[in-house]
Protein chains: 2
Amino acid sequence: MTLTERVQDALAPWVPRNSRVLLAVSGGADSVALAHLIKTLPYDPVIAHVDHQLRSGSARDAQFVGRLASQWGMPFRLKKTNVARFARRHGLGLEDAGRQLRYAALTDFANKSRCSFILTAHNANDQAETVLMNFLRGAGPAGLSGIPPVRNITGKVRLIRPLLSVTRQEIRRYLQTHRLSYREDPSNRSLRFTRNRIRHQLLPLLDKQFPGLKERLVGVAEVFREEQSLWTPQVNKELRKTVRKNNKNITVDLTRLLGYHRALGRRILRHLLTGISFQDTERIFHLALSTNGHLPIQLAGGLQVQRKGNKLIFPKRTA
Amino acid sequence: MTLTERVQDALAPWVPRNSRVLLAVSGGADSVALAHLIKTLPYDPVIAHVDHQLRSGSARDAQFVGRLASQWGMPFRLKKTNVARFARRHGLGLEDAGRQLRYAALTDFANKSRCSFILTAHNANDQAETVLMNFLRGAGPAGLSGIPPVRNITGKVRLIRPLLSVTRQEIRRYLQTHRLSYREDPSNRSLRFTRNRIRHQLLPLLDKQFPGLKERLVGVAEVFREEQSLWTPQVNKELRKTVRKNNKNITVDLTRLLGYHRALGRRILRHLLTGISFQDTERIFHLALSTNGHLPIQLAGGLQVQRKGNKLIFPKRTA
């Protein structure tokens, strides 16, 4: 199967023919390949570029993508952001801040351009790196499911990643075959970022010692994504029975929580408190089970949990 | 809590007071500490040592453990094995062969000594190493649940690991405090074995870059162990409906298999074909779903899968 056919196969179940699709194009290898692949397929693409203005060369990337769009006859949308300021204001890392601003801008473009679909160029290597990174951070099943190939951003806009099973090598080969040029983002090389350390150092090292690791990590993501899709409806159903929210607090019914199998109870807590560590779920169960003295506990991140009778009470987060 | 109290807490739910327990003692740090801890607790210990005769020093290890047993007034059982021959005959690695022979000998001792409980000295570091190793080998949820703290070996004999939440460092400190000597197994240092490479090189490297990794891996094992215990009854129930075995073959009803959520279907296959890779489960689903031509497929390890109508047929393995 050619790469074009694989992209078509990945999109066909989700995107009706001739739909308007918003392509997130940084100007890097992956997104240039994606835009070129889409050009020959029966969709109506709009190219979007988000300029984070973190590097002096960033304006030239934007120009590069703009020229590509005009050469290929695709409408072009450009958004400039101030990531550094946003990161400072919200106490975020640059990577996190960049991602948040990027998806906000893309969603905004999608709405304005009446696109129901945003396409990004994440590939199988990104997937393997994400699974490994999440594992090293202590992720449970949700984190091990990696980057989702399809995700609803709003009720109207869906994010799709048609290259998620394509390797970086296959993409490079496609670019060579079609003599396509692209921009190198120098920050992709900086080992300041965990992601780059994993990409350039750790994963190549591990893949040498455990051959085939990258492919296995992509499989791990798929196994856990399937399991998530089986669990999620059940967790949501029990969550509605177990948890009450008002303007200020979230209240968890302990009789119910402790009545569940611990695996389900833990999933309910993880769903309620995204990113909670194993240790913190353990501490919550400990508080829930204790028979004497119910001092409030403080979770990582500062969230305080109180117990009153057979209720746990969290303040609603104001993020 | 002292280490003695922690061991008592780990045993109390499983082992009635004054029970006879078989301690697997290699003479290394962990098992010497375990034997010393058990000495002060209300159990009736028998010390068992399995001499794999792989190293010239192995007989001295056996003597060391025998002396310890007589000093501490515990009965002593010794079994000599020929691991190298067993490994050759069954096409196994030395590690695997050693493990199989060791557990067979321990079970035999337990039966003969009327012990319902075998205790081994696996610790939290072993657990973290196992989870990491299984992850790098592409394990799914079963492999990520690591070393079980409790496992039924036969209907009558249960294996228990009361040190599984105790770190290697805590064990060393205990040995120092009590001025206990132990034997160093030089093969624990050999980087020929994957386990040792993970222990001495990879995990220390990763734990430096991702502080707290070891503790998180122990948590990962617990999360997945809980999930296994929730899944297993359901998988077994559906397995009985979906799979038929006779003397020669295993037959899988495809109408049922494909009717399940893919996550459950995959778990049924993984349960049926222990250690099957993600890629091989994918190939089986592909064969099950194909509408034209049903050529048999060959799985890793040589097992052949045929499709006949809405049945999959595997030869029963003769391991």
# chains A, B, ... in the order shown; residues from 1 in each chain; ligands from 1

call {"tool": "closest_atom_pairs", "arguments": {"of": "chain B", "to": "chain A", "cutoff": "8 Å", "atoms": "only C-alpha atoms", "output": "CSV"}}
result
residue,atom,partner,partner_atom,distance
B:Leu136,CA,A:Leu213,CA,6.5
B:Arg137,CA,A:Phe210,CA,7.2
B:Gly138,CA,A:Arg216,CA,5.1
B:Ala139,CA,A:Val220,CA,7.5
B:Gly140,CA,A:Val220,CA,6.4
B:Phe210,CA,A:Leu136,CA,6.8
B:Leu213,CA,A:Leu136,CA,6.5
B:Arg216,CA,A:Gly138,CA,5.1
B:Leu217,CA,A:Gly138,CA,6.6
B:Gly219,CA,A:Phe278,CA,5.8
B:Val220,CA,A:Gly140,CA,6.4
B:Val223,CA,A:Ala263,CA,6.9
B:Glu226,CA,A:Ala263,CA,5.2
B:Glu227,CA,A:Ala263,CA,5.1
B:Leu230,CA,A:Ala263,CA,6.9
B:His261,CA,A:Leu230,CA,7.0
B:Arg262,CA,A:Glu226,CA,6.6
B:Ala263,CA,A:Glu227,CA,5.2
B:Leu264,CA,A:Glu227,CA,7.9
B:Phe278,CA,A:Gly219,CA,5.8
B:Gln279,CA,A:Gly219,CA,7.3

call {"tool": "select_by_dssp", "arguments": {"residues": "segment 141-183 of chain B", "states": "helix (DSSP H, G or I)", "output": "JSON, numbers by chain"}}
result
{"B": [141, 142, 143, 144, 168, 169, 170, 171, 172, 173, 174, 175, 176, 177]}

call {"tool": "write_last_selection", "arguments": {"atoms": "all heavy atoms", "output": "tab-separated table (two decimals), in the first residue's frame"}}
result
chain	number	residue	atom	x	y	z
B	141	PRO	N	-1.13	-5.56	29.72
B	141	PRO	CA	-1.49	-5.39	31.12
B	141	PRO	C	-1.01	-6.52	32.02
B	141	PRO	O	-0.62	-6.27	33.17
B	141	PRO	CB	-3.02	-5.34	31.10
B	141	PRO	CG	-3.43	-5.24	29.69
B	141	PRO	CD	-2.28	-5.48	28.81
B	142	ALA	N	-1.01	-7.76	31.54
B	142	ALA	CA	-0.58	-8.87	32.40
B	142	ALA	C	0.88	-8.70	32.79
B	142	ALA	O	1.24	-8.80	33.96
B	142	ALA	CB	-0.81	-10.20	31.69
B	143	GLY	N	1.73	-8.43	31.83
B	143	GLY	CA	3.16	-8.27	32.11
B	143	GLY	C	3.44	-7.07	32.98
B	143	GLY	O	4.36	-7.10	33.82
B	144	LEU	N	2.66	-6.01	32.82
B	144	LEU	CA	2.89	-4.81	33.62
B	144	LEU	C	2.46	-5.00	35.07
B	144	LEU	O	2.77	-4.19	35.92
B	144	LEU	CB	2.17	-3.61	33.01
B	144	LEU	CG	2.73	-3.17	31.65
B	144	LEU	CD1	1.91	-2.01	31.09
B	144	LEU	CD2	4.19	-2.75	31.76
B	168	ARG	N	15.54	-2.88	48.32
B	168	ARG	CA	16.83	-3.55	48.53
B	168	ARG	C	17.64	-2.81	49.60
B	168	ARG	O	18.31	-3.42	50.43
B	168	ARG	CB	17.58	-3.57	47.19
B	168	ARG	CG	18.77	-4.47	47.16
B	168	ARG	CD	19.24	-4.68	45.71
B	168	ARG	NE	18.31	-5.51	44.96
B	168	ARG	CZ	18.05	-5.38	43.67
B	168	ARG	NH1	18.64	-4.44	42.97
B	168	ARG	NH2	17.21	-6.18	43.08
B	169	GLN	N	17.55	-1.48	49.58
B	169	GLN	CA	18.28	-0.66	50.54
B	169	GLN	C	17.82	-0.95	51.99
B	169	GLN	O	18.64	-1.07	52.90
B	169	GLN	CB	18.02	0.81	50.21
B	169	GLN	CG	19.13	1.74	50.60
B	169	GLN	CD	18.72	3.19	50.38
B	169	GLN	OE1	17.64	3.47	49.86
B	169	GLN	NE2	19.57	4.11	50.78
B	170	GLU	N	16.52	-1.07	52.17
B	170	GLU	CA	16.00	-1.36	53.51
B	170	GLU	C	16.48	-2.73	53.99
B	170	GLU	O	16.77	-2.93	55.17
B	170	GLU	CB	14.46	-1.31	53.50
B	170	GLU	CG	13.92	0.10	53.28
B	170	GLU	CD	12.41	0.13	53.06
B	170	GLU	OE1	11.88	-0.66	52.24
B	170	GLU	OE2	11.75	0.98	53.68
B	171	ILE	N	16.56	-3.66	53.04
B	171	ILE	CA	17.03	-5.01	53.39
B	171	ILE	C	18.50	-4.97	53.81
B	171	ILE	O	18.89	-5.57	54.82
B	171	ILE	CB	16.79	-5.98	52.22
B	171	ILE	CG1	15.28	-6.21	52.05
B	171	ILE	CG2	17.52	-7.32	52.45
B	171	ILE	CD1	14.89	-6.99	50.81
B	172	ARG	N	19.32	-4.20	53.04
B	172	ARG	CA	20.75	-4.10	53.38
B	172	ARG	C	20.92	-3.48	54.78
B	172	ARG	O	21.76	-3.90	55.56
B	172	ARG	CB	21.52	-3.25	52.36
B	172	ARG	CG	21.51	-3.80	50.95
B	172	ARG	CD	22.26	-5.12	50.85
B	172	ARG	NE	21.79	-5.88	49.70
B	172	ARG	CZ	22.56	-6.37	48.74
B	172	ARG	NH1	23.88	-6.19	48.81
B	172	ARG	NH2	22.05	-7.03	47.74
B	173	ARG	N	20.10	-2.49	55.05
B	173	ARG	CA	20.19	-1.83	56.36
B	173	ARG	C	19.86	-2.82	57.48
B	173	ARG	O	20.54	-2.87	58.51
B	173	ARG	CB	19.23	-0.63	56.38
B	173	ARG	CG	19.80	0.55	57.17
B	173	ARG	CD	18.87	1.74	57.14
B	173	ARG	NE	18.68	2.28	55.80
B	173	ARG	CZ	17.52	2.70	55.28
B	173	ARG	NH1	16.41	2.61	56.00
B	173	ARG	NH2	17.46	3.18	54.06
B	174	TYR	N	18.83	-3.63	57.25
B	174	TYR	CA	18.44	-4.64	58.23
B	174	TYR	C	19.59	-5.61	58.48
B	174	TYR	O	19.90	-5.96	59.64
B	174	TYR	CB	17.20	-5.38	57.74
B	174	TYR	CG	16.72	-6.47	58.68
B	174	TYR	CD1	15.83	-6.18	59.72
B	174	TYR	CD2	17.14	-7.79	58.53
B	174	TYR	CE1	15.40	-7.17	60.58
B	174	TYR	CE2	16.72	-8.78	59.39
B	174	TYR	CZ	15.85	-8.47	60.42
B	174	TYR	OH	15.42	-9.44	61.28
B	175	LEU	N	20.25	-6.06	57.41
B	175	LEU	CA	21.35	-7.02	57.53
B	175	LEU	C	22.50	-6.41	58.34
B	175	LEU	O	23.10	-7.07	59.18
B	175	LEU	CB	21.85	-7.43	56.15
B	175	LEU	CG	20.88	-8.29	55.32
B	175	LEU	CD1	21.31	-8.35	53.87
B	175	LEU	CD2	20.76	-9.70	55.91
B	176	GLN	N	22.78	-5.12	58.06
B	176	GLN	CA	23.84	-4.43	58.81
B	176	GLN	C	23.51	-4.36	60.29
B	176	GLN	O	24.32	-4.70	61.14
B	176	GLN	CB	24.06	-3.02	58.26
B	176	GLN	CG	24.95	-2.99	57.02
B	176	GLN	CD	24.96	-1.62	56.37
B	176	GLN	OE1	24.51	-0.64	56.98
B	176	GLN	NE2	25.45	-1.56	55.14
B	177	THR	N	22.28	-3.89	60.56
B	177	THR	CA	21.85	-3.76	61.95
B	177	THR	C	22.02	-5.07	62.72
B	177	THR	O	22.45	-5.08	63.86
B	177	THR	CB	20.36	-3.33	62.01
B	177	THR	OG1	20.22	-2.16	61.21
B	177	THR	CG2	19.91	-3.05	63.44

call {"tool": "residues_around", "arguments": {"residues": "Glu238 of chain B", "least_positions_apart": "2", "cutoff": "12 Å", "atoms": "only C-alpha atoms", "output": "list of chain:residue names"}}
result
B:Trp231, B:Thr232, B:Pro233, B:Gln234, B:Val235, B:Asn236, B:Arg240, B:Lys241, B:Thr242, B:Val243, B:Arg244, B:Val252, B:Asp253, B:Arg256, B:Leu257, B:Gly259, B:Tyr260, B:His261, B:Leu264, B:Gly265, B:Arg266, B:Arg267, B:Ile268, B:Leu269, B:His271, B:Leu272

call {"tool": "atom_distance", "arguments": {"atom1": "atom CA of Asp185 of chain A", "atom2": "atom CA of Gly28 of chain A"}}
result
7.0 Å

call {"tool": "atom_distance", "arguments": {"atom1": "atom CA of Thr251 of chain A", "atom2": "atom CA of Asp280 of chain A"}}
result
17.1 Å

call {"tool": "select_by_dssp", "arguments": {"residues": "segment 54-234 of chain A", "states": "strand (DSSP E or B)", "output": "PyMOL selection string"}}
result
chain A and resi 76-80+117-119+150-152+158-160

call {"tool": "residues_around", "arguments": {"residues": "Val46 of chain A", "least_positions_apart": "3", "cutoff": "10 Å", "atoms": "only C-alpha atoms", "output": "MDAnalysis selection string"}}
result
chainID A and resid 20:25 35 43 69 73:77 109:110 113 115 118

call {"tool": "write_last_selection", "arguments": {"atoms": "all heavy atoms", "output": "tab-separated table (two decimals), in the first residue's frame"}}
result
chain	number	residue	atom	x	y	z
A	20	ARG	N	-14.18	19.88	4.11
A	20	ARG	CA	-13.15	20.85	4.40
A	20	ARG	C	-12.34	20.35	5.59
A	20	ARG	O	-12.93	19.96	6.60
A	20	ARG	CB	-13.87	22.15	4.76
A	20	ARG	CG	-13.02	23.35	4.75
A	20	ARG	CD	-13.85	24.57	4.33
A	20	ARG	NE	-13.22	25.16	3.18
A	20	ARG	CZ	-12.89	26.47	3.14
A	20	ARG	NH1	-13.16	27.26	4.14
A	20	ARG	NH2	-12.29	26.94	2.06
A	21	VAL	N	-11.01	20.33	5.45
A	21	VAL	CA	-10.17	19.87	6.56
A	21	VAL	C	-9.10	20.90	6.85
A	21	VAL	O	-8.53	21.48	5.93
A	21	VAL	CB	-9.50	18.49	6.25
A	21	VAL	CG1	-10.53	17.37	6.20
A	21	VAL	CG2	-8.69	18.54	4.96
A	22	LEU	N	-8.86	21.16	8.12
A	22	LEU	CA	-7.83	22.12	8.51
A	22	LEU	C	-6.54	21.36	8.79
A	22	LEU	O	-6.51	20.49	9.66
A	22	LEU	CB	-8.27	22.87	9.77
A	22	LEU	CG	-7.37	24.05	10.15
A	22	LEU	CD1	-7.74	25.28	9.31
A	22	LEU	CD2	-7.52	24.38	11.63
A	23	LEU	N	-5.48	21.67	8.03
A	23	LEU	CA	-4.20	20.98	8.23
A	23	LEU	C	-3.29	21.84	9.10
A	23	LEU	O	-3.02	22.99	8.76
A	23	LEU	CB	-3.49	20.75	6.89
A	23	LEU	CG	-4.29	20.06	5.80
A	23	LEU	CD1	-3.41	19.86	4.56
A	23	LEU	CD2	-4.81	18.73	6.29
A	24	ALA	N	-2.83	21.27	10.22
A	24	ALA	CA	-1.89	21.99	11.07
A	24	ALA	C	-0.49	21.78	10.48
A	24	ALA	O	0.03	20.68	10.51
A	24	ALA	CB	-1.96	21.45	12.49
A	25	VAL	N	0.10	22.84	9.91
A	25	VAL	CA	1.39	22.70	9.22
A	25	VAL	C	2.41	23.62	9.87
A	25	VAL	O	2.29	24.85	9.80
A	25	VAL	CB	1.25	23.01	7.71
A	25	VAL	CG1	2.61	22.89	7.01
A	25	VAL	CG2	0.24	22.07	7.06
A	35	ALA	N	0.51	17.61	4.16
A	35	ALA	CA	-0.17	18.54	3.24
A	35	ALA	C	-0.07	18.04	1.79
A	35	ALA	O	-1.03	18.07	1.03
A	35	ALA	CB	0.42	19.95	3.37
A	43	TYR	N	-10.28	15.83	-0.60
A	43	TYR	CA	-10.68	16.69	0.52
A	43	TYR	C	-10.41	18.13	0.12
A	43	TYR	O	-9.69	18.40	-0.85
A	43	TYR	CB	-9.90	16.32	1.79
A	43	TYR	CG	-10.13	14.88	2.18
A	43	TYR	CD1	-9.13	13.91	1.99
A	43	TYR	CD2	-11.36	14.47	2.70
A	43	TYR	CE1	-9.35	12.58	2.31
A	43	TYR	CE2	-11.58	13.14	3.02
A	43	TYR	CZ	-10.58	12.20	2.83
A	43	TYR	OH	-10.81	10.89	3.14
A	69	ALA	N	1.38	26.90	0.73
A	69	ALA	CA	-0.07	26.94	0.59
A	69	ALA	C	-0.45	27.61	-0.74
A	69	ALA	O	-1.30	27.09	-1.48
A	69	ALA	CB	-0.69	27.69	1.77
A	73	GLY	N	-2.22	25.92	-3.95
A	73	GLY	CA	-3.59	26.40	-4.10
A	73	GLY	C	-4.48	26.12	-2.92
A	73	GLY	O	-5.66	25.80	-3.06
A	74	MET	N	-3.91	26.25	-1.72
A	74	MET	CA	-4.72	26.01	-0.51
A	74	MET	C	-4.83	27.32	0.27
A	74	MET	O	-3.84	28.03	0.40
A	74	MET	CB	-4.05	24.95	0.38
A	74	MET	CG	-3.85	23.60	-0.28
A	74	MET	SD	-2.91	22.47	0.83
A	74	MET	CE	-2.78	21.00	-0.20
A	75	PRO	N	-6.01	27.62	0.83
A	75	PRO	CA	-6.12	28.80	1.69
A	75	PRO	C	-5.16	28.69	2.87
A	75	PRO	O	-4.86	27.58	3.32
A	75	PRO	CB	-7.57	28.76	2.18
A	75	PRO	CG	-8.30	27.79	1.32
A	75	PRO	CD	-7.28	26.87	0.72
A	76	PHE	N	-4.70	29.83	3.38
A	76	PHE	CA	-3.69	29.85	4.43
A	76	PHE	C	-4.18	30.69	5.60
A	76	PHE	O	-4.69	31.79	5.42
A	76	PHE	CB	-2.39	30.43	3.85
A	76	PHE	CG	-1.27	30.55	4.86
A	76	PHE	CD1	-0.80	29.43	5.53
A	76	PHE	CD2	-0.68	31.80	5.13
A	76	PHE	CE1	0.24	29.55	6.46
A	76	PHE	CE2	0.35	31.92	6.06
A	76	PHE	CZ	0.80	30.79	6.71
A	77	ARG	N	-4.02	30.17	6.79
A	77	ARG	CA	-4.38	30.92	8.01
A	77	ARG	C	-3.16	30.98	8.91
A	77	ARG	O	-2.52	29.95	9.15
A	77	ARG	CB	-5.49	30.21	8.80
A	77	ARG	CG	-6.72	29.88	8.03
A	77	ARG	CD	-7.70	31.05	8.01
A	77	ARG	NE	-8.91	30.70	7.30
A	77	ARG	CZ	-9.05	30.77	5.97
A	77	ARG	NH1	-8.05	31.17	5.20
A	77	ARG	NH2	-10.20	30.43	5.41
A	109	PHE	N	-9.55	28.55	14.21
A	109	PHE	CA	-9.52	28.53	12.74
A	109	PHE	C	-10.56	27.57	12.18
A	109	PHE	O	-11.23	27.86	11.18
A	109	PHE	CB	-8.15	28.05	12.23
A	109	PHE	CG	-7.07	29.08	12.30
A	109	PHE	CD1	-5.77	28.71	12.64
A	109	PHE	CD2	-7.31	30.41	11.99
A	109	PHE	CE1	-4.75	29.63	12.68
A	109	PHE	CE2	-6.28	31.34	12.03
A	109	PHE	CZ	-5.00	30.97	12.38
A	110	ALA	N	-10.66	26.39	12.80
A	110	ALA	CA	-11.60	25.37	12.31
A	110	ALA	C	-13.02	25.93	12.36
A	110	ALA	O	-13.78	25.82	11.38
A	110	ALA	CB	-11.49	24.10	13.14
A	113	SER	N	-13.37	28.68	9.70
A	113	SER	CA	-13.31	28.19	8.32
A	113	SER	C	-14.35	27.10	8.07
A	113	SER	O	-14.32	26.45	7.03
A	113	SER	CB	-11.92	27.62	8.01
A	113	SER	OG	-10.91	28.54	8.37
A	115	CYS	N	-14.52	24.14	9.30
A	115	CYS	CA	-13.92	22.81	9.18
A	115	CYS	C	-14.39	21.98	10.36
A	115	CYS	O	-14.27	22.41	11.50
A	115	CYS	CB	-12.39	22.88	9.27
A	115	CYS	SG	-11.61	23.66	7.87
A	118	ILE	N	-9.72	18.74	12.10
A	118	ILE	CA	-8.35	19.24	12.13
A	118	ILE	C	-7.44	18.04	11.95
A	118	ILE	O	-7.62	17.02	12.63
A	118	ILE	CB	-8.03	19.93	13.47
A	118	ILE	CG1	-8.93	21.16	13.68
A	118	ILE	CG2	-6.56	20.32	13.55
A	118	ILE	CD1	-8.80	21.79	15.07

call {"tool": "residues_around", "arguments": {"residues": "Phe314 of chain A", "least_positions_apart": "2", "cutoff": "10 Å", "atoms": "only C-alpha atoms", "output": "list in words"}}
result
Lys245, Lys248, Asn249, Ile250, Thr251, Val252, Leu273, Pro296, Leu303, Gln304, Val305, Gln306, Arg307, Lys311, Leu312, Lys316 and Arg317 of chain A

call {"tool": "atom_distance", "arguments": {"atom1": "atom CA of Asn125 of chain B", "atom2": "atom CA of Thr281 of chain A"}}
result
21.5 Å

call {"tool": "decode", "arguments": {"residues": "segment 181-202 of chain B", "atoms": "N, CA, C and O atoms", "output": "PDB file, in the first residue's frame"}}
result
ATOM      1  N   SER B 181      25.702 -11.977  57.785  1.00  0.00           N
ATOM      2  CA  SER B 181      26.480 -12.114  56.550  1.00  0.00           C
ATOM      3  C   SER B 181      25.672 -12.911  55.540  1.00  0.00           C
ATOM      4  O   SER B 181      24.710 -13.608  55.881  1.00  0.00           O
ATOM      5  N   TYR B 182      26.039 -12.767  54.289  1.00  0.00           N
ATOM      6  CA  TYR B 182      25.325 -13.458  53.209  1.00  0.00           C
ATOM      7  C   TYR B 182      26.298 -13.706  52.081  1.00  0.00           C
ATOM      8  O   TYR B 182      27.427 -13.210  52.100  1.00  0.00           O
ATOM      9  N   ARG B 183      25.885 -14.501  51.098  1.00  0.00           N
ATOM     10  CA  ARG B 183      26.741 -14.844  49.965  1.00  0.00           C
ATOM     11  C   ARG B 183      26.394 -13.946  48.781  1.00  0.00           C
ATOM     12  O   ARG B 183      25.222 -13.648  48.529  1.00  0.00           O
ATOM     13  N   GLU B 184      27.421 -13.527  48.046  1.00  0.00           N
ATOM     14  CA  GLU B 184      27.184 -12.771  46.805  1.00  0.00           C
ATOM     15  C   GLU B 184      27.226 -13.762  45.663  1.00  0.00           C
ATOM     16  O   GLU B 184      28.214 -14.462  45.492  1.00  0.00           O
ATOM     17  N   ASP B 185      26.167 -13.811  44.864  1.00  0.00           N
ATOM     18  CA  ASP B 185      26.184 -14.674  43.686  1.00  0.00           C
ATOM     19  C   ASP B 185      26.843 -13.897  42.542  1.00  0.00           C
ATOM     20  O   ASP B 185      26.280 -12.918  42.064  1.00  0.00           O
ATOM     21  N   PRO B 186      28.043 -14.322  42.111  1.00  0.00           N
ATOM     22  CA  PRO B 186      28.738 -13.537  41.080  1.00  0.00           C
ATOM     23  C   PRO B 186      27.933 -13.440  39.777  1.00  0.00           C
ATOM     24  O   PRO B 186      28.082 -12.482  39.033  1.00  0.00           O
ATOM     25  N   SER B 187      27.037 -14.407  39.521  1.00  0.00           N
ATOM     26  CA  SER B 187      26.279 -14.333  38.262  1.00  0.00           C
ATOM     27  C   SER B 187      25.256 -13.189  38.303  1.00  0.00           C
ATOM     28  O   SER B 187      24.747 -12.770  37.268  1.00  0.00           O
ATOM     29  N   ASN B 188      24.981 -12.676  39.505  1.00  0.00           N
ATOM     30  CA  ASN B 188      24.115 -11.498  39.588  1.00  0.00           C
ATOM     31  C   ASN B 188      24.774 -10.270  38.978  1.00  0.00           C
ATOM     32  O   ASN B 188      24.121  -9.268  38.730  1.00  0.00           O
ATOM     33  N   ARG B 189      26.086 -10.342  38.791  1.00  0.00           N
ATOM     34  CA  ARG B 189      26.824  -9.209  38.235  1.00  0.00           C
ATOM     35  C   ARG B 189      27.009  -9.337  36.724  1.00  0.00           C
ATOM     36  O   ARG B 189      27.331  -8.370  36.054  1.00  0.00           O
ATOM     37  N   SER B 190      26.831 -10.548  36.212  1.00  0.00           N
ATOM     38  CA  SER B 190      27.101 -10.762  34.787  1.00  0.00           C
ATOM     39  C   SER B 190      26.093 -10.026  33.917  1.00  0.00           C
ATOM     40  O   SER B 190      24.881 -10.210  34.061  1.00  0.00           O
ATOM     41  N   LEU B 191      26.602  -9.213  32.989  1.00  0.00           N
ATOM     42  CA  LEU B 191      25.688  -8.435  32.149  1.00  0.00           C
ATOM     43  C   LEU B 191      25.190  -9.245  30.955  1.00  0.00           C
ATOM     44  O   LEU B 191      24.495  -8.723  30.094  1.00  0.00           O
ATOM     45  N   ARG B 192      25.557 -10.556  30.931  1.00  0.00           N
ATOM     46  CA  ARG B 192      24.995 -11.449  29.932  1.00  0.00           C
ATOM     47  C   ARG B 192      23.470 -11.540  30.086  1.00  0.00           C
ATOM     48  O   ARG B 192      22.753 -11.752  29.135  1.00  0.00           O
ATOM     49  N   PHE B 193      22.996 -11.433  31.306  1.00  0.00           N
ATOM     50  CA  PHE B 193      21.574 -11.594  31.543  1.00  0.00           C
ATOM     51  C   PHE B 193      20.848 -10.247  31.452  1.00  0.00           C
ATOM     52  O   PHE B 193      21.263  -9.271  32.065  1.00  0.00           O
ATOM     53  N   THR B 194      19.750 -10.246  30.709  1.00  0.00           N
ATOM     54  CA  THR B 194      18.953  -9.034  30.554  1.00  0.00           C
ATOM     55  C   THR B 194      18.609  -8.431  31.916  1.00  0.00           C
ATOM     56  O   THR B 194      18.741  -7.231  32.132  1.00  0.00           O
ATOM     57  N   ARG B 195      18.193  -9.283  32.828  1.00  0.00           N
ATOM     58  CA  ARG B 195      17.807  -8.824  34.160  1.00  0.00           C
ATOM     59  C   ARG B 195      18.928  -8.003  34.810  1.00  0.00           C
ATOM     60  O   ARG B 195      18.676  -6.941  35.390  1.00  0.00           O
ATOM     61  N   ASN B 196      20.154  -8.487  34.713  1.00  0.00           N
ATOM     62  CA  ASN B 196      21.263  -7.779  35.348  1.00  0.00           C
ATOM     63  C   ASN B 196      21.586  -6.464  34.636  1.00  0.00           C
ATOM     64  O   ASN B 196      21.958  -5.489  35.282  1.00  0.00           O
ATOM     65  N   ARG B 197      21.447  -6.460  33.295  1.00  0.00           N
ATOM     66  CA  ARG B 197      21.658  -5.204  32.567  1.00  0.00           C
ATOM     67  C   ARG B 197      20.647  -4.162  33.017  1.00  0.00           C
ATOM     68  O   ARG B 197      20.959  -2.998  33.197  1.00  0.00           O
ATOM     69  N   ILE B 198      19.416  -4.614  33.205  1.00  0.00           N
ATOM     70  CA  ILE B 198      18.377  -3.688  33.664  1.00  0.00           C
ATOM     71  C   ILE B 198      18.679  -3.226  35.084  1.00  0.00           C
ATOM     72  O   ILE B 198      18.586  -2.045  35.402  1.00  0.00           O
ATOM     73  N   ARG B 199      19.103  -4.158  35.932  1.00  0.00           N
ATOM     74  CA  ARG B 199      19.370  -3.829  37.331  1.00  0.00           C
ATOM     75  C   ARG B 199      20.548  -2.882  37.491  1.00  0.00           C
ATOM     76  O   ARG B 199      20.455  -1.902  38.220  1.00  0.00           O
ATOM     77  N   HIS B 200      21.645  -3.196  36.796  1.00  0.00           N
ATOM     78  CA  HIS B 200      22.887  -2.463  37.075  1.00  0.00           C
ATOM     79  C   HIS B 200      23.102  -1.266  36.165  1.00  0.00           C
ATOM     80  O   HIS B 200      23.845  -0.369  36.506  1.00  0.00           O
ATOM     81  N   GLN B 201      22.483  -1.267  34.980  1.00  0.00           N
ATOM     82  CA  GLN B 201      22.747  -0.171  34.052  1.00  0.00           C
ATOM     83  C   GLN B 201      21.511   0.677  33.793  1.00  0.00           C
ATOM     84  O   GLN B 201      21.474   1.868  34.052  1.00  0.00           O
ATOM     85  N   LEU B 202      20.479   0.010  33.252  1.00  0.00           N
ATOM     86  CA  LEU B 202      19.365   0.782  32.714  1.00  0.00           C
ATOM     87  C   LEU B 202      18.537   1.468  33.796  1.00  0.00           C
ATOM     88  O   LEU B 202      18.273   2.676  33.718  1.00  0.00           O
TER      89      LEU B 202
END
